[in-house]
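Everything below belongs to final_0.cif, which stores mmCIF, N, CA and C atoms.
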```
data_coords
#
loop_
_atom_site.label_atom_id
_atom_site.label_comp_id
_atom_site.auth_asym_id
_atom_site.auth_seq_id
_atom_site.Cartn_x
_atom_site.Cartn_y
_atom_site.Cartn_z
N MET G 63 -3.28 182.99 135.99
CA MET G 63 -2.50 182.67 137.13
C MET G 63 -1.01 182.77 136.82
N LEU G 64 -0.62 182.31 135.65
CA LEU G 64 0.78 182.42 135.24
C LEU G 64 1.18 183.89 135.12
N ALA G 65 0.29 184.71 134.64
CA ALA G 65 0.58 186.14 134.49
C ALA G 65 0.80 186.79 135.87
N ALA G 66 0.02 186.34 136.85
CA ALA G 66 0.18 186.90 138.20
C ALA G 66 1.53 186.53 138.78
N ARG G 67 1.97 185.26 138.55
CA ARG G 67 3.29 184.83 139.04
C ARG G 67 4.41 185.62 138.40
N ILE G 68 4.33 185.86 137.11
CA ILE G 68 5.36 186.62 136.40
C ILE G 68 5.39 188.05 136.92
N GLY G 69 4.22 188.64 137.15
CA GLY G 69 4.16 190.00 137.68
C GLY G 69 4.79 190.11 139.05
N LYS G 70 4.54 189.10 139.91
CA LYS G 70 5.15 189.10 141.24
C LYS G 70 6.66 188.96 141.14
N ARG G 71 7.11 188.07 140.23
CA ARG G 71 8.54 187.84 140.07
C ARG G 71 9.23 189.11 139.57
N LYS G 72 8.63 189.82 138.62
CA LYS G 72 9.21 191.06 138.10
C LYS G 72 9.30 192.12 139.20
N GLY G 73 8.28 192.19 140.03
CA GLY G 73 8.31 193.16 141.12
C GLY G 73 9.42 192.84 142.12
N TRP G 74 9.57 191.55 142.43
CA TRP G 74 10.61 191.11 143.35
C TRP G 74 11.99 191.35 142.77
N LEU G 75 12.18 191.03 141.49
CA LEU G 75 13.47 191.24 140.84
C LEU G 75 13.79 192.73 140.70
N GLY G 76 12.77 193.52 140.43
CA GLY G 76 12.97 194.97 140.33
C GLY G 76 13.41 195.57 141.65
N THR G 77 12.76 195.08 142.73
CA THR G 77 13.13 195.55 144.07
C THR G 77 14.56 195.15 144.41
N LEU G 78 14.91 193.88 144.11
CA LEU G 78 16.27 193.41 144.36
C LEU G 78 17.28 194.24 143.56
N PHE G 79 16.95 194.52 142.30
CA PHE G 79 17.84 195.33 141.46
C PHE G 79 18.07 196.70 142.09
N LEU G 80 17.00 197.35 142.56
CA LEU G 80 17.13 198.69 143.16
C LEU G 80 17.95 198.66 144.45
N VAL G 81 17.77 197.60 145.26
CA VAL G 81 18.54 197.48 146.50
C VAL G 81 20.02 197.31 146.18
N LEU G 82 20.32 196.45 145.22
CA LEU G 82 21.73 196.23 144.85
C LEU G 82 22.32 197.50 144.24
N LEU G 83 21.56 198.19 143.42
CA LEU G 83 22.05 199.42 142.81
C LEU G 83 22.32 200.48 143.88
N ALA G 84 21.43 200.60 144.85
CA ALA G 84 21.62 201.59 145.91
C ALA G 84 22.87 201.28 146.74
N GLY G 85 23.19 200.01 146.91
CA GLY G 85 24.39 199.63 147.66
C GLY G 85 25.67 199.97 146.92
N CYS G 86 25.59 200.14 145.61
CA CYS G 86 26.78 200.45 144.81
C CYS G 86 27.05 201.94 144.71
N ILE G 87 26.09 202.75 145.05
CA ILE G 87 26.26 204.19 144.94
C ILE G 87 27.05 204.68 146.15
N ASP G 88 28.05 205.52 145.92
CA ASP G 88 28.84 206.08 147.02
C ASP G 88 27.94 206.97 147.86
N PRO G 89 28.05 206.83 149.18
CA PRO G 89 27.28 207.74 150.03
C PRO G 89 27.82 209.16 149.85
N LYS G 90 27.09 210.09 150.39
CA LYS G 90 27.50 211.49 150.32
C LYS G 90 28.92 211.61 150.85
N PRO G 91 29.86 212.19 150.07
CA PRO G 91 31.25 212.27 150.54
C PRO G 91 31.34 213.08 151.83
N GLN G 92 32.14 212.56 152.75
CA GLN G 92 32.36 213.23 154.03
C GLN G 92 33.56 214.16 153.90
N PRO G 93 33.47 215.35 154.51
CA PRO G 93 34.65 216.24 154.47
C PRO G 93 35.80 215.59 155.21
N PRO G 94 37.03 215.89 154.81
CA PRO G 94 38.17 215.31 155.51
C PRO G 94 38.20 215.74 156.96
N VAL G 95 38.62 214.84 157.81
CA VAL G 95 38.73 215.15 159.23
C VAL G 95 39.96 216.03 159.41
N PRO G 96 39.79 217.22 160.00
CA PRO G 96 40.97 218.08 160.16
C PRO G 96 41.98 217.44 161.10
N GLU G 97 43.25 217.65 160.78
CA GLU G 97 44.33 217.11 161.61
C GLU G 97 44.34 217.87 162.92
N GLU G 98 44.46 217.12 164.01
CA GLU G 98 44.53 217.78 165.31
C GLU G 98 45.81 218.59 165.38
N THR G 99 45.67 219.80 165.85
CA THR G 99 46.83 220.68 165.98
C THR G 99 47.26 220.71 167.43
N ASP G 100 48.53 220.47 167.64
CA ASP G 100 49.07 220.54 169.00
C ASP G 100 49.01 221.99 169.46
N PRO G 101 48.51 222.26 170.65
CA PRO G 101 48.41 223.65 171.12
C PRO G 101 49.75 224.36 171.21
N ILE G 102 50.83 223.61 171.27
CA ILE G 102 52.16 224.23 171.35
C ILE G 102 52.44 225.08 170.11
N VAL G 103 51.94 224.69 168.94
CA VAL G 103 52.22 225.46 167.73
C VAL G 103 51.50 226.81 167.72
N GLN G 104 50.61 227.03 168.69
CA GLN G 104 49.97 228.33 168.82
C GLN G 104 50.87 229.33 169.55
N VAL G 105 51.92 228.83 170.22
CA VAL G 105 52.85 229.69 170.94
C VAL G 105 53.76 230.37 169.92
N LEU G 106 53.81 231.69 169.94
CA LEU G 106 54.60 232.44 168.95
C LEU G 106 55.80 233.16 169.54
N VAL G 107 55.98 233.09 170.85
CA VAL G 107 57.10 233.76 171.50
C VAL G 107 58.25 232.77 171.62
N PRO G 108 59.41 233.08 171.00
CA PRO G 108 60.54 232.16 171.07
C PRO G 108 61.01 231.93 172.50
N GLY G 109 61.46 230.71 172.76
CA GLY G 109 62.00 230.39 174.07
C GLY G 109 61.99 228.91 174.35
N ALA G 110 62.41 228.58 175.56
CA ALA G 110 62.43 227.21 176.06
C ALA G 110 61.42 227.15 177.19
N TYR G 111 60.39 226.34 177.02
CA TYR G 111 59.28 226.29 177.97
C TYR G 111 59.34 225.01 178.79
N GLY G 112 59.07 225.14 180.08
CA GLY G 112 58.98 223.98 180.95
C GLY G 112 60.30 223.30 181.25
N ILE G 113 61.40 224.02 181.10
CA ILE G 113 62.71 223.44 181.38
C ILE G 113 63.00 223.53 182.87
N PRO G 114 63.90 222.68 183.37
CA PRO G 114 64.27 222.77 184.79
C PRO G 114 64.76 224.19 185.11
N GLY G 115 64.33 224.72 186.21
CA GLY G 115 64.73 226.08 186.60
C GLY G 115 63.77 227.13 186.08
N GLY G 116 62.79 226.76 185.28
CA GLY G 116 61.81 227.71 184.76
C GLY G 116 62.00 228.05 183.30
N SER G 117 60.92 228.39 182.65
CA SER G 117 60.94 228.75 181.23
C SER G 117 61.84 229.95 180.99
N GLN G 118 62.52 229.93 179.87
CA GLN G 118 63.36 231.06 179.43
C GLN G 118 62.74 231.55 178.13
N VAL G 119 62.06 232.69 178.19
CA VAL G 119 61.25 233.15 177.08
C VAL G 119 61.67 234.55 176.66
N TYR G 120 61.67 234.79 175.36
CA TYR G 120 62.07 236.08 174.78
C TYR G 120 61.16 237.21 175.27
N ASN G 121 61.80 238.29 175.70
CA ASN G 121 61.11 239.51 176.09
C ASN G 121 61.75 240.62 175.25
N GLU G 122 60.98 241.22 174.40
CA GLU G 122 61.48 242.22 173.45
C GLU G 122 62.21 243.38 174.14
N ASP G 123 61.80 243.73 175.34
CA ASP G 123 62.42 244.86 176.05
C ASP G 123 63.76 244.52 176.69
N ARG G 124 64.06 243.23 176.89
CA ARG G 124 65.28 242.86 177.60
C ARG G 124 66.25 242.01 176.80
N HIS G 125 65.77 241.27 175.84
CA HIS G 125 66.59 240.23 175.22
C HIS G 125 66.98 240.53 173.78
N GLN G 126 68.02 239.86 173.38
CA GLN G 126 68.45 239.84 171.98
C GLN G 126 68.39 238.38 171.52
N LEU G 127 68.00 238.18 170.26
CA LEU G 127 67.92 236.84 169.69
C LEU G 127 68.92 236.69 168.57
N SER G 128 69.46 235.50 168.43
CA SER G 128 70.31 235.22 167.27
C SER G 128 70.15 233.76 166.88
N VAL G 129 70.30 233.52 165.60
CA VAL G 129 70.32 232.16 165.05
C VAL G 129 71.50 232.10 164.09
N VAL G 130 72.33 231.09 164.29
CA VAL G 130 73.52 230.94 163.46
C VAL G 130 73.49 229.55 162.84
N GLU G 131 73.76 229.48 161.53
CA GLU G 131 73.93 228.17 160.91
C GLU G 131 75.40 227.82 160.97
N CYS G 132 75.70 226.73 161.64
CA CYS G 132 77.08 226.30 161.86
C CYS G 132 77.61 225.56 160.64
N PRO G 133 78.94 225.47 160.50
CA PRO G 133 79.53 224.79 159.34
C PRO G 133 79.11 223.31 159.22
N ASP G 134 78.74 222.69 160.33
CA ASP G 134 78.34 221.27 160.27
C ASP G 134 76.88 221.08 159.85
N GLY G 135 76.19 222.18 159.49
CA GLY G 135 74.80 222.07 159.03
C GLY G 135 73.76 222.10 160.13
N THR G 136 74.17 222.48 161.32
CA THR G 136 73.22 222.60 162.43
C THR G 136 72.98 224.07 162.74
N LEU G 137 71.90 224.32 163.49
CA LEU G 137 71.56 225.67 163.90
C LEU G 137 71.89 225.87 165.37
N LEU G 138 72.26 227.08 165.70
CA LEU G 138 72.50 227.49 167.08
C LEU G 138 71.57 228.66 167.37
N PHE G 139 70.67 228.48 168.31
CA PHE G 139 69.72 229.50 168.72
C PHE G 139 70.21 230.07 170.04
N ARG G 140 70.24 231.42 170.14
CA ARG G 140 70.67 232.05 171.40
C ARG G 140 69.70 233.16 171.80
N LEU G 141 69.46 233.22 173.09
CA LEU G 141 68.66 234.28 173.69
C LEU G 141 69.57 234.94 174.73
N LEU G 142 69.92 236.19 174.50
CA LEU G 142 70.88 236.90 175.34
C LEU G 142 70.16 237.94 176.19
N ASP G 143 70.45 237.92 177.49
CA ASP G 143 69.95 238.93 178.41
C ASP G 143 71.17 239.73 178.88
N PRO G 144 71.47 240.88 178.22
CA PRO G 144 72.68 241.63 178.57
C PRO G 144 72.66 242.17 180.00
N GLY G 145 71.48 242.51 180.52
CA GLY G 145 71.39 243.05 181.88
C GLY G 145 71.82 242.04 182.93
N GLU G 146 71.45 240.79 182.75
CA GLU G 146 71.82 239.74 183.70
C GLU G 146 73.07 238.99 183.26
N ARG G 147 73.60 239.37 182.09
CA ARG G 147 74.76 238.70 181.51
C ARG G 147 74.51 237.18 181.45
N LYS G 148 73.33 236.88 180.91
CA LYS G 148 72.89 235.49 180.82
C LYS G 148 72.60 235.12 179.37
N VAL G 149 72.96 233.89 178.99
CA VAL G 149 72.73 233.40 177.63
C VAL G 149 72.08 232.03 177.70
N LEU G 150 70.99 231.91 176.99
CA LEU G 150 70.36 230.61 176.77
C LEU G 150 70.78 230.17 175.37
N SER G 151 71.30 228.98 175.24
CA SER G 151 71.67 228.51 173.91
C SER G 151 71.08 227.11 173.69
N ILE G 152 70.61 226.91 172.50
CA ILE G 152 70.08 225.61 172.07
C ILE G 152 70.79 225.29 170.77
N HIS G 153 71.53 224.19 170.78
CA HIS G 153 72.27 223.87 169.56
C HIS G 153 72.15 222.39 169.21
N ASN G 154 72.73 222.07 168.07
CA ASN G 154 72.67 220.73 167.49
C ASN G 154 71.33 220.50 166.79
N ILE G 155 70.69 221.57 166.34
CA ILE G 155 69.42 221.47 165.62
C ILE G 155 69.74 221.37 164.13
N PRO G 156 69.35 220.29 163.46
CA PRO G 156 69.62 220.20 162.01
C PRO G 156 68.97 221.36 161.27
N ALA G 157 69.68 221.94 160.32
CA ALA G 157 69.14 223.06 159.54
C ALA G 157 67.98 222.61 158.66
N LYS G 158 68.00 221.37 158.23
CA LYS G 158 66.92 220.83 157.38
C LYS G 158 66.04 219.95 158.25
N LEU G 159 64.86 220.46 158.56
CA LEU G 159 63.91 219.75 159.42
C LEU G 159 62.59 219.57 158.70
N GLN G 160 61.89 218.51 159.07
CA GLN G 160 60.54 218.30 158.58
C GLN G 160 59.66 217.92 159.76
N LYS G 161 58.40 218.26 159.66
CA LYS G 161 57.43 217.87 160.69
C LYS G 161 57.49 216.36 160.87
N GLY G 162 57.54 215.92 162.12
CA GLY G 162 57.57 214.49 162.42
C GLY G 162 58.97 213.95 162.67
N ASP G 163 60.01 214.73 162.29
CA ASP G 163 61.38 214.28 162.58
C ASP G 163 61.57 214.19 164.09
N ARG G 164 62.49 213.34 164.49
CA ARG G 164 62.90 213.25 165.90
C ARG G 164 64.39 213.57 165.93
N ILE G 165 64.76 214.53 166.77
CA ILE G 165 66.14 215.02 166.77
C ILE G 165 66.69 215.11 168.19
N PRO G 166 68.02 215.09 168.31
CA PRO G 166 68.64 215.42 169.59
C PRO G 166 68.92 216.93 169.61
N LEU G 167 69.03 217.49 170.79
CA LEU G 167 69.51 218.87 170.90
C LEU G 167 70.13 219.07 172.27
N HIS G 168 70.92 220.12 172.36
CA HIS G 168 71.58 220.46 173.62
C HIS G 168 71.09 221.83 174.05
N PHE G 169 70.73 221.93 175.31
CA PHE G 169 70.23 223.16 175.90
C PHE G 169 71.17 223.58 177.03
N ARG G 170 71.48 224.90 177.07
CA ARG G 170 72.37 225.38 178.13
C ARG G 170 72.00 226.82 178.50
N VAL G 171 72.11 227.11 179.80
CA VAL G 171 71.95 228.47 180.29
C VAL G 171 73.25 228.82 181.01
N MET G 172 73.82 229.97 180.62
CA MET G 172 75.05 230.45 181.25
C MET G 172 74.83 231.86 181.78
N ALA G 173 75.46 232.17 182.90
CA ALA G 173 75.44 233.52 183.46
C ALA G 173 76.85 233.86 183.90
N ASN G 174 77.32 235.02 183.48
CA ASN G 174 78.67 235.48 183.82
C ASN G 174 79.73 234.44 183.47
N GLY G 175 79.50 233.69 182.41
CA GLY G 175 80.48 232.71 181.95
C GLY G 175 80.39 231.35 182.63
N TYR G 176 79.48 231.20 183.58
CA TYR G 176 79.31 229.92 184.29
C TYR G 176 78.03 229.21 183.83
N THR G 177 78.13 227.92 183.64
CA THR G 177 76.97 227.14 183.23
C THR G 177 76.06 226.92 184.43
N LEU G 178 74.81 227.38 184.29
CA LEU G 178 73.81 227.19 185.34
C LEU G 178 72.99 225.92 185.09
N GLN G 179 72.74 225.65 183.84
CA GLN G 179 71.97 224.47 183.44
C GLN G 179 72.54 223.94 182.14
N SER G 180 72.52 222.64 181.99
CA SER G 180 72.94 222.02 180.74
C SER G 180 72.20 220.69 180.63
N GLU G 181 71.59 220.48 179.50
CA GLU G 181 70.78 219.28 179.32
C GLU G 181 70.87 218.80 177.87
N ASN G 182 71.10 217.50 177.71
CA ASN G 182 71.04 216.87 176.38
C ASN G 182 69.70 216.17 176.25
N TYR G 183 68.98 216.49 175.21
CA TYR G 183 67.72 215.82 174.91
C TYR G 183 67.95 214.94 173.68
N THR G 184 67.43 213.73 173.72
CA THR G 184 67.74 212.80 172.63
C THR G 184 66.59 212.53 171.68
N ASP G 185 65.35 212.78 172.07
CA ASP G 185 64.22 212.39 171.24
C ASP G 185 63.17 213.51 171.19
N ILE G 186 63.56 214.63 170.59
CA ILE G 186 62.67 215.78 170.49
C ILE G 186 61.88 215.70 169.19
N LEU G 187 60.57 215.86 169.28
CA LEU G 187 59.69 215.79 168.12
C LEU G 187 59.59 217.16 167.45
N VAL G 188 59.74 217.19 166.13
CA VAL G 188 59.54 218.42 165.36
C VAL G 188 58.04 218.52 165.08
N LEU G 189 57.38 219.50 165.69
CA LEU G 189 55.94 219.67 165.52
C LEU G 189 55.59 220.43 164.26
N LYS G 190 56.37 221.49 163.99
CA LYS G 190 56.05 222.36 162.86
C LYS G 190 57.30 223.12 162.46
N VAL G 191 57.43 223.36 161.16
CA VAL G 191 58.55 224.14 160.63
C VAL G 191 57.98 225.13 159.62
N THR G 192 58.29 226.41 159.81
CA THR G 192 57.92 227.41 158.81
C THR G 192 59.22 228.06 158.31
N SER G 193 59.08 229.04 157.45
CA SER G 193 60.28 229.69 156.91
C SER G 193 61.06 230.44 157.97
N ASN G 194 60.40 230.81 159.08
CA ASN G 194 61.14 231.57 160.09
C ASN G 194 61.02 231.04 161.52
N MET G 195 60.27 229.93 161.74
CA MET G 195 60.15 229.41 163.09
C MET G 195 60.13 227.88 163.11
N ILE G 196 60.48 227.33 164.28
CA ILE G 196 60.50 225.88 164.50
C ILE G 196 59.85 225.61 165.86
N TRP G 197 58.97 224.61 165.92
CA TRP G 197 58.36 224.18 167.17
C TRP G 197 58.83 222.76 167.46
N LEU G 198 59.45 222.58 168.61
CA LEU G 198 60.00 221.28 169.02
C LEU G 198 59.38 220.89 170.35
N LYS G 199 59.14 219.59 170.54
CA LYS G 199 58.44 219.13 171.74
C LYS G 199 59.12 217.91 172.34
N LYS G 200 59.44 218.03 173.63
CA LYS G 200 59.92 216.86 174.39
C LYS G 200 58.71 216.12 174.93
N ASP G 201 57.80 216.86 175.56
CA ASP G 201 56.54 216.31 176.06
C ASP G 201 55.57 217.48 176.18
N ASP G 202 54.40 217.26 176.77
CA ASP G 202 53.39 218.32 176.82
C ASP G 202 53.79 219.52 177.66
N SER G 203 54.78 219.36 178.55
CA SER G 203 55.17 220.48 179.40
C SER G 203 56.55 221.05 179.04
N THR G 204 57.35 220.35 178.27
CA THR G 204 58.69 220.84 177.89
C THR G 204 58.77 220.93 176.38
N TYR G 205 58.95 222.16 175.88
CA TYR G 205 59.00 222.38 174.43
C TYR G 205 59.80 223.64 174.12
N PHE G 206 60.13 223.77 172.84
CA PHE G 206 60.99 224.88 172.38
C PHE G 206 60.35 225.53 171.17
N VAL G 207 60.31 226.85 171.18
CA VAL G 207 59.84 227.63 170.03
C VAL G 207 61.04 228.48 169.61
N LEU G 208 61.52 228.22 168.40
CA LEU G 208 62.78 228.84 167.98
C LEU G 208 62.62 229.59 166.66
N LEU G 209 63.44 230.63 166.50
CA LEU G 209 63.55 231.29 165.20
C LEU G 209 64.43 230.44 164.32
N ARG G 210 64.30 230.62 163.04
CA ARG G 210 65.16 229.93 162.06
C ARG G 210 66.16 230.88 161.52
#
```
Kindly return the structure encoded in the file as C-alpha cells.
Amino acid sequence: MLAARIGKRKGWLGTLFLVLLAGCIDPKPQPPVPEETDPIVQVLVPGAYGIPGGSQVYNEDRHQLSVVECPDGTLLFRLLDPGERKVLSIHNIPAKLQKGDRIPLHFRVMANGYTLQSENYTDILVLKVTSNMIWLKKDDSTYFVLLR
C-alpha cells in the first residue's frame, strides 16, 4: 500500500514538473508585425495635394522643378509653369529631416508676379525621407511630396 502511494505521488509530481516546464518554454516566435505604411508615401509625383484651390502637381511636359538649399539651412521647393507664368513655392523646410518630425512650412502660388494663394502650416508631419524625396502630411487630404 505504501508503494502504491509513492507511485501515485511520483506520477503527480512528474505531471506537475512537466506542466511547469512547458510554461517556461517560449512559444513559437511570432514574426514582427509590419509597420503600417501611410498610402501617401506611395505617391511618387512631386507636388502639393489637397491644397485650397486644387492640387498643384508636377507634369513633366509643362513644368520645371527646382530645390534650393538656403543659407539658413532650409529648403525651397519650386514648381514652375512657364506657359502660365505660375510658380508654386514651398519653403521653410529644414534640410535635415527625420521621419516623425513635425515642422512648419510656407506654401505660396504666384502667377504673373501676383500671389494667388499663401498659407502657413505649423504642424506638418514628416512621413518619410529618402535621399531624393520627402513626404509631408498635414492630414489625410492635404500633403506634400517634394524633391530634395
Given the PyMOL selection byres ((chain G and resi 158) around 8) and the file above, list the residues it selects as a PDB file with N, CA and C atoms, keeping the file's coordinate frame.
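result-v1.pdb, freshly written:
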```pdb
ATOM      1  N   GLY G 135      76.190 222.180 159.490  1.00  0.00           N
ATOM      2  CA  GLY G 135      74.800 222.070 159.030  1.00  0.00           C
ATOM      3  C   GLY G 135      73.760 222.100 160.130  1.00  0.00           C
ATOM      4  N   THR G 136      74.170 222.480 161.320  1.00  0.00           N
ATOM      5  CA  THR G 136      73.220 222.600 162.430  1.00  0.00           C
ATOM      6  C   THR G 136      72.980 224.070 162.740  1.00  0.00           C
ATOM      7  N   LEU G 137      71.900 224.320 163.490  1.00  0.00           N
ATOM      8  CA  LEU G 137      71.560 225.670 163.900  1.00  0.00           C
ATOM      9  C   LEU G 137      71.890 225.870 165.370  1.00  0.00           C
ATOM     10  N   ILE G 155      70.690 221.570 166.340  1.00  0.00           N
ATOM     11  CA  ILE G 155      69.420 221.470 165.620  1.00  0.00           C
ATOM     12  C   ILE G 155      69.740 221.370 164.130  1.00  0.00           C
ATOM     13  N   PRO G 156      69.350 220.290 163.460  1.00  0.00           N
ATOM     14  CA  PRO G 156      69.620 220.200 162.010  1.00  0.00           C
ATOM     15  C   PRO G 156      68.970 221.360 161.270  1.00  0.00           C
ATOM     16  N   ALA G 157      69.680 221.940 160.320  1.00  0.00           N
ATOM     17  CA  ALA G 157      69.140 223.060 159.540  1.00  0.00           C
ATOM     18  C   ALA G 157      67.980 222.610 158.660  1.00  0.00           C
ATOM     19  N   LEU G 159      64.860 220.460 158.560  1.00  0.00           N
ATOM     20  CA  LEU G 159      63.910 219.750 159.420  1.00  0.00           C
ATOM     21  C   LEU G 159      62.590 219.570 158.700  1.00  0.00           C
ATOM     22  N   GLN G 160      61.890 218.510 159.070  1.00  0.00           N
ATOM     23  CA  GLN G 160      60.540 218.300 158.580  1.00  0.00           C
ATOM     24  C   GLN G 160      59.660 217.920 159.760  1.00  0.00           C
ATOM     25  N   LYS G 161      58.400 218.260 159.660  1.00  0.00           N
ATOM     26  CA  LYS G 161      57.430 217.870 160.690  1.00  0.00           C
ATOM     27  C   LYS G 161      57.490 216.360 160.870  1.00  0.00           C
TER      28      LYS G 161
END
```
Exercise for the section: Output the residue selection produced by the PyMOL selection byres ((chain G and resi 163) around 7) on the file above, formatted as a PyMOL selection string. Expected result: chain G and resi 159-162+164-165+186-189
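You can rank G:Val107, G:Leu142, G:Ile113, G:Ala173 by their closest distance to Leu127 in chain G using all atoms listed in the file, and at the top of that list sits G:Leu142.
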Each side padded by 6 Å, which centre and which edge lengths in Å (one decimal) define the axis-aligned box around the listed atoms of range 158-170 of chain G? Give them as AutoDock Vina command-line options.
```
--center_x 64.9 --center_y 220.0 --center_z 167.9 --size_x 26.9 --size_y 25.6 --size_z 33.1
```
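The space separating CA of Gln179 in chain G from atom C of Pro114 in chain G comes to 7.4 Å.
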Handout entry: Shell of 7 Å around range 115-125 of chain G, only N, CA and C atoms, local chain residues under 5 positions omitted, as a list in words
Key =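 The residues satisfying every condition are Val107, Pro108, Gly109, Ala110, Leu141, Leu142, Asp143, Pro144 and Gly145 of chain G.
CA of Ser193 in chain G lies 24.7 Å from CA of Gly112 in chain G.
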Practice task
Quote the spacing between atom N of Asp134 in chain G and atom C of Asn174 in chain G in Å to one decimal place.
Solution key: 26.0 Å
Problem - Expected answer as number ranges by chain: all residues with atoms within 6 Å of (58.9, 221.9, 168.2), all atoms listed in the file - result: G: 187-190, 196-199, 206-207
Please complete range 126-142 of chain G with N, CA, C and O atoms and give it back as a short mmCIF file (atom, residue, chain, number, x, y, z; two decimals), keeping the file's coordinate frame.
```cif
data_model
loop_
_atom_site.label_atom_id
_atom_site.label_comp_id
_atom_site.auth_asym_id
_atom_site.auth_seq_id
_atom_site.Cartn_x
_atom_site.Cartn_y
_atom_site.Cartn_z
N GLN G 126 68.02 239.86 173.38
CA GLN G 126 68.45 239.84 171.98
C GLN G 126 68.39 238.38 171.52
O GLN G 126 68.68 237.46 172.29
N LEU G 127 68.00 238.18 170.26
CA LEU G 127 67.92 236.84 169.69
C LEU G 127 68.92 236.69 168.57
O LEU G 127 69.19 237.65 167.84
N SER G 128 69.46 235.50 168.43
CA SER G 128 70.31 235.22 167.27
C SER G 128 70.15 233.76 166.88
O SER G 128 69.89 232.90 167.73
N VAL G 129 70.30 233.52 165.60
CA VAL G 129 70.32 232.16 165.05
C VAL G 129 71.50 232.10 164.09
O VAL G 129 71.65 232.95 163.22
N VAL G 130 72.33 231.09 164.29
CA VAL G 130 73.52 230.94 163.46
C VAL G 130 73.49 229.55 162.84
O VAL G 130 73.22 228.57 163.53
N GLU G 131 73.76 229.48 161.53
CA GLU G 131 73.93 228.17 160.91
C GLU G 131 75.40 227.82 160.97
O GLU G 131 76.26 228.53 160.45
N CYS G 132 75.70 226.73 161.64
CA CYS G 132 77.08 226.30 161.86
C CYS G 132 77.61 225.56 160.64
O CYS G 132 76.83 225.04 159.83
N PRO G 133 78.94 225.47 160.50
CA PRO G 133 79.53 224.79 159.34
C PRO G 133 79.11 223.31 159.22
O PRO G 133 79.10 222.77 158.13
N ASP G 134 78.74 222.69 160.33
CA ASP G 134 78.34 221.27 160.27
C ASP G 134 76.88 221.08 159.85
O ASP G 134 76.36 219.97 159.86
N GLY G 135 76.19 222.18 159.49
CA GLY G 135 74.80 222.07 159.03
C GLY G 135 73.76 222.10 160.13
O GLY G 135 72.60 221.79 159.90
N THR G 136 74.17 222.48 161.32
CA THR G 136 73.22 222.60 162.43
C THR G 136 72.98 224.07 162.74
O THR G 136 73.74 224.94 162.33
N LEU G 137 71.90 224.32 163.49
CA LEU G 137 71.56 225.67 163.90
C LEU G 137 71.89 225.87 165.37
O LEU G 137 71.78 224.94 166.17
N LEU G 138 72.26 227.08 165.70
CA LEU G 138 72.50 227.49 167.08
C LEU G 138 71.57 228.66 167.37
O LEU G 138 71.63 229.69 166.70
N PHE G 139 70.67 228.48 168.31
CA PHE G 139 69.72 229.50 168.72
C PHE G 139 70.21 230.07 170.04
O PHE G 139 70.53 229.32 170.96
N ARG G 140 70.24 231.42 170.14
CA ARG G 140 70.67 232.05 171.40
C ARG G 140 69.70 233.16 171.80
O ARG G 140 69.24 233.93 170.96
N LEU G 141 69.46 233.22 173.09
CA LEU G 141 68.66 234.28 173.69
C LEU G 141 69.57 234.94 174.73
O LEU G 141 69.98 234.29 175.69
N LEU G 142 69.92 236.19 174.50
CA LEU G 142 70.88 236.90 175.34
C LEU G 142 70.16 237.94 176.19
O LEU G 142 69.36 238.74 175.69
#
```
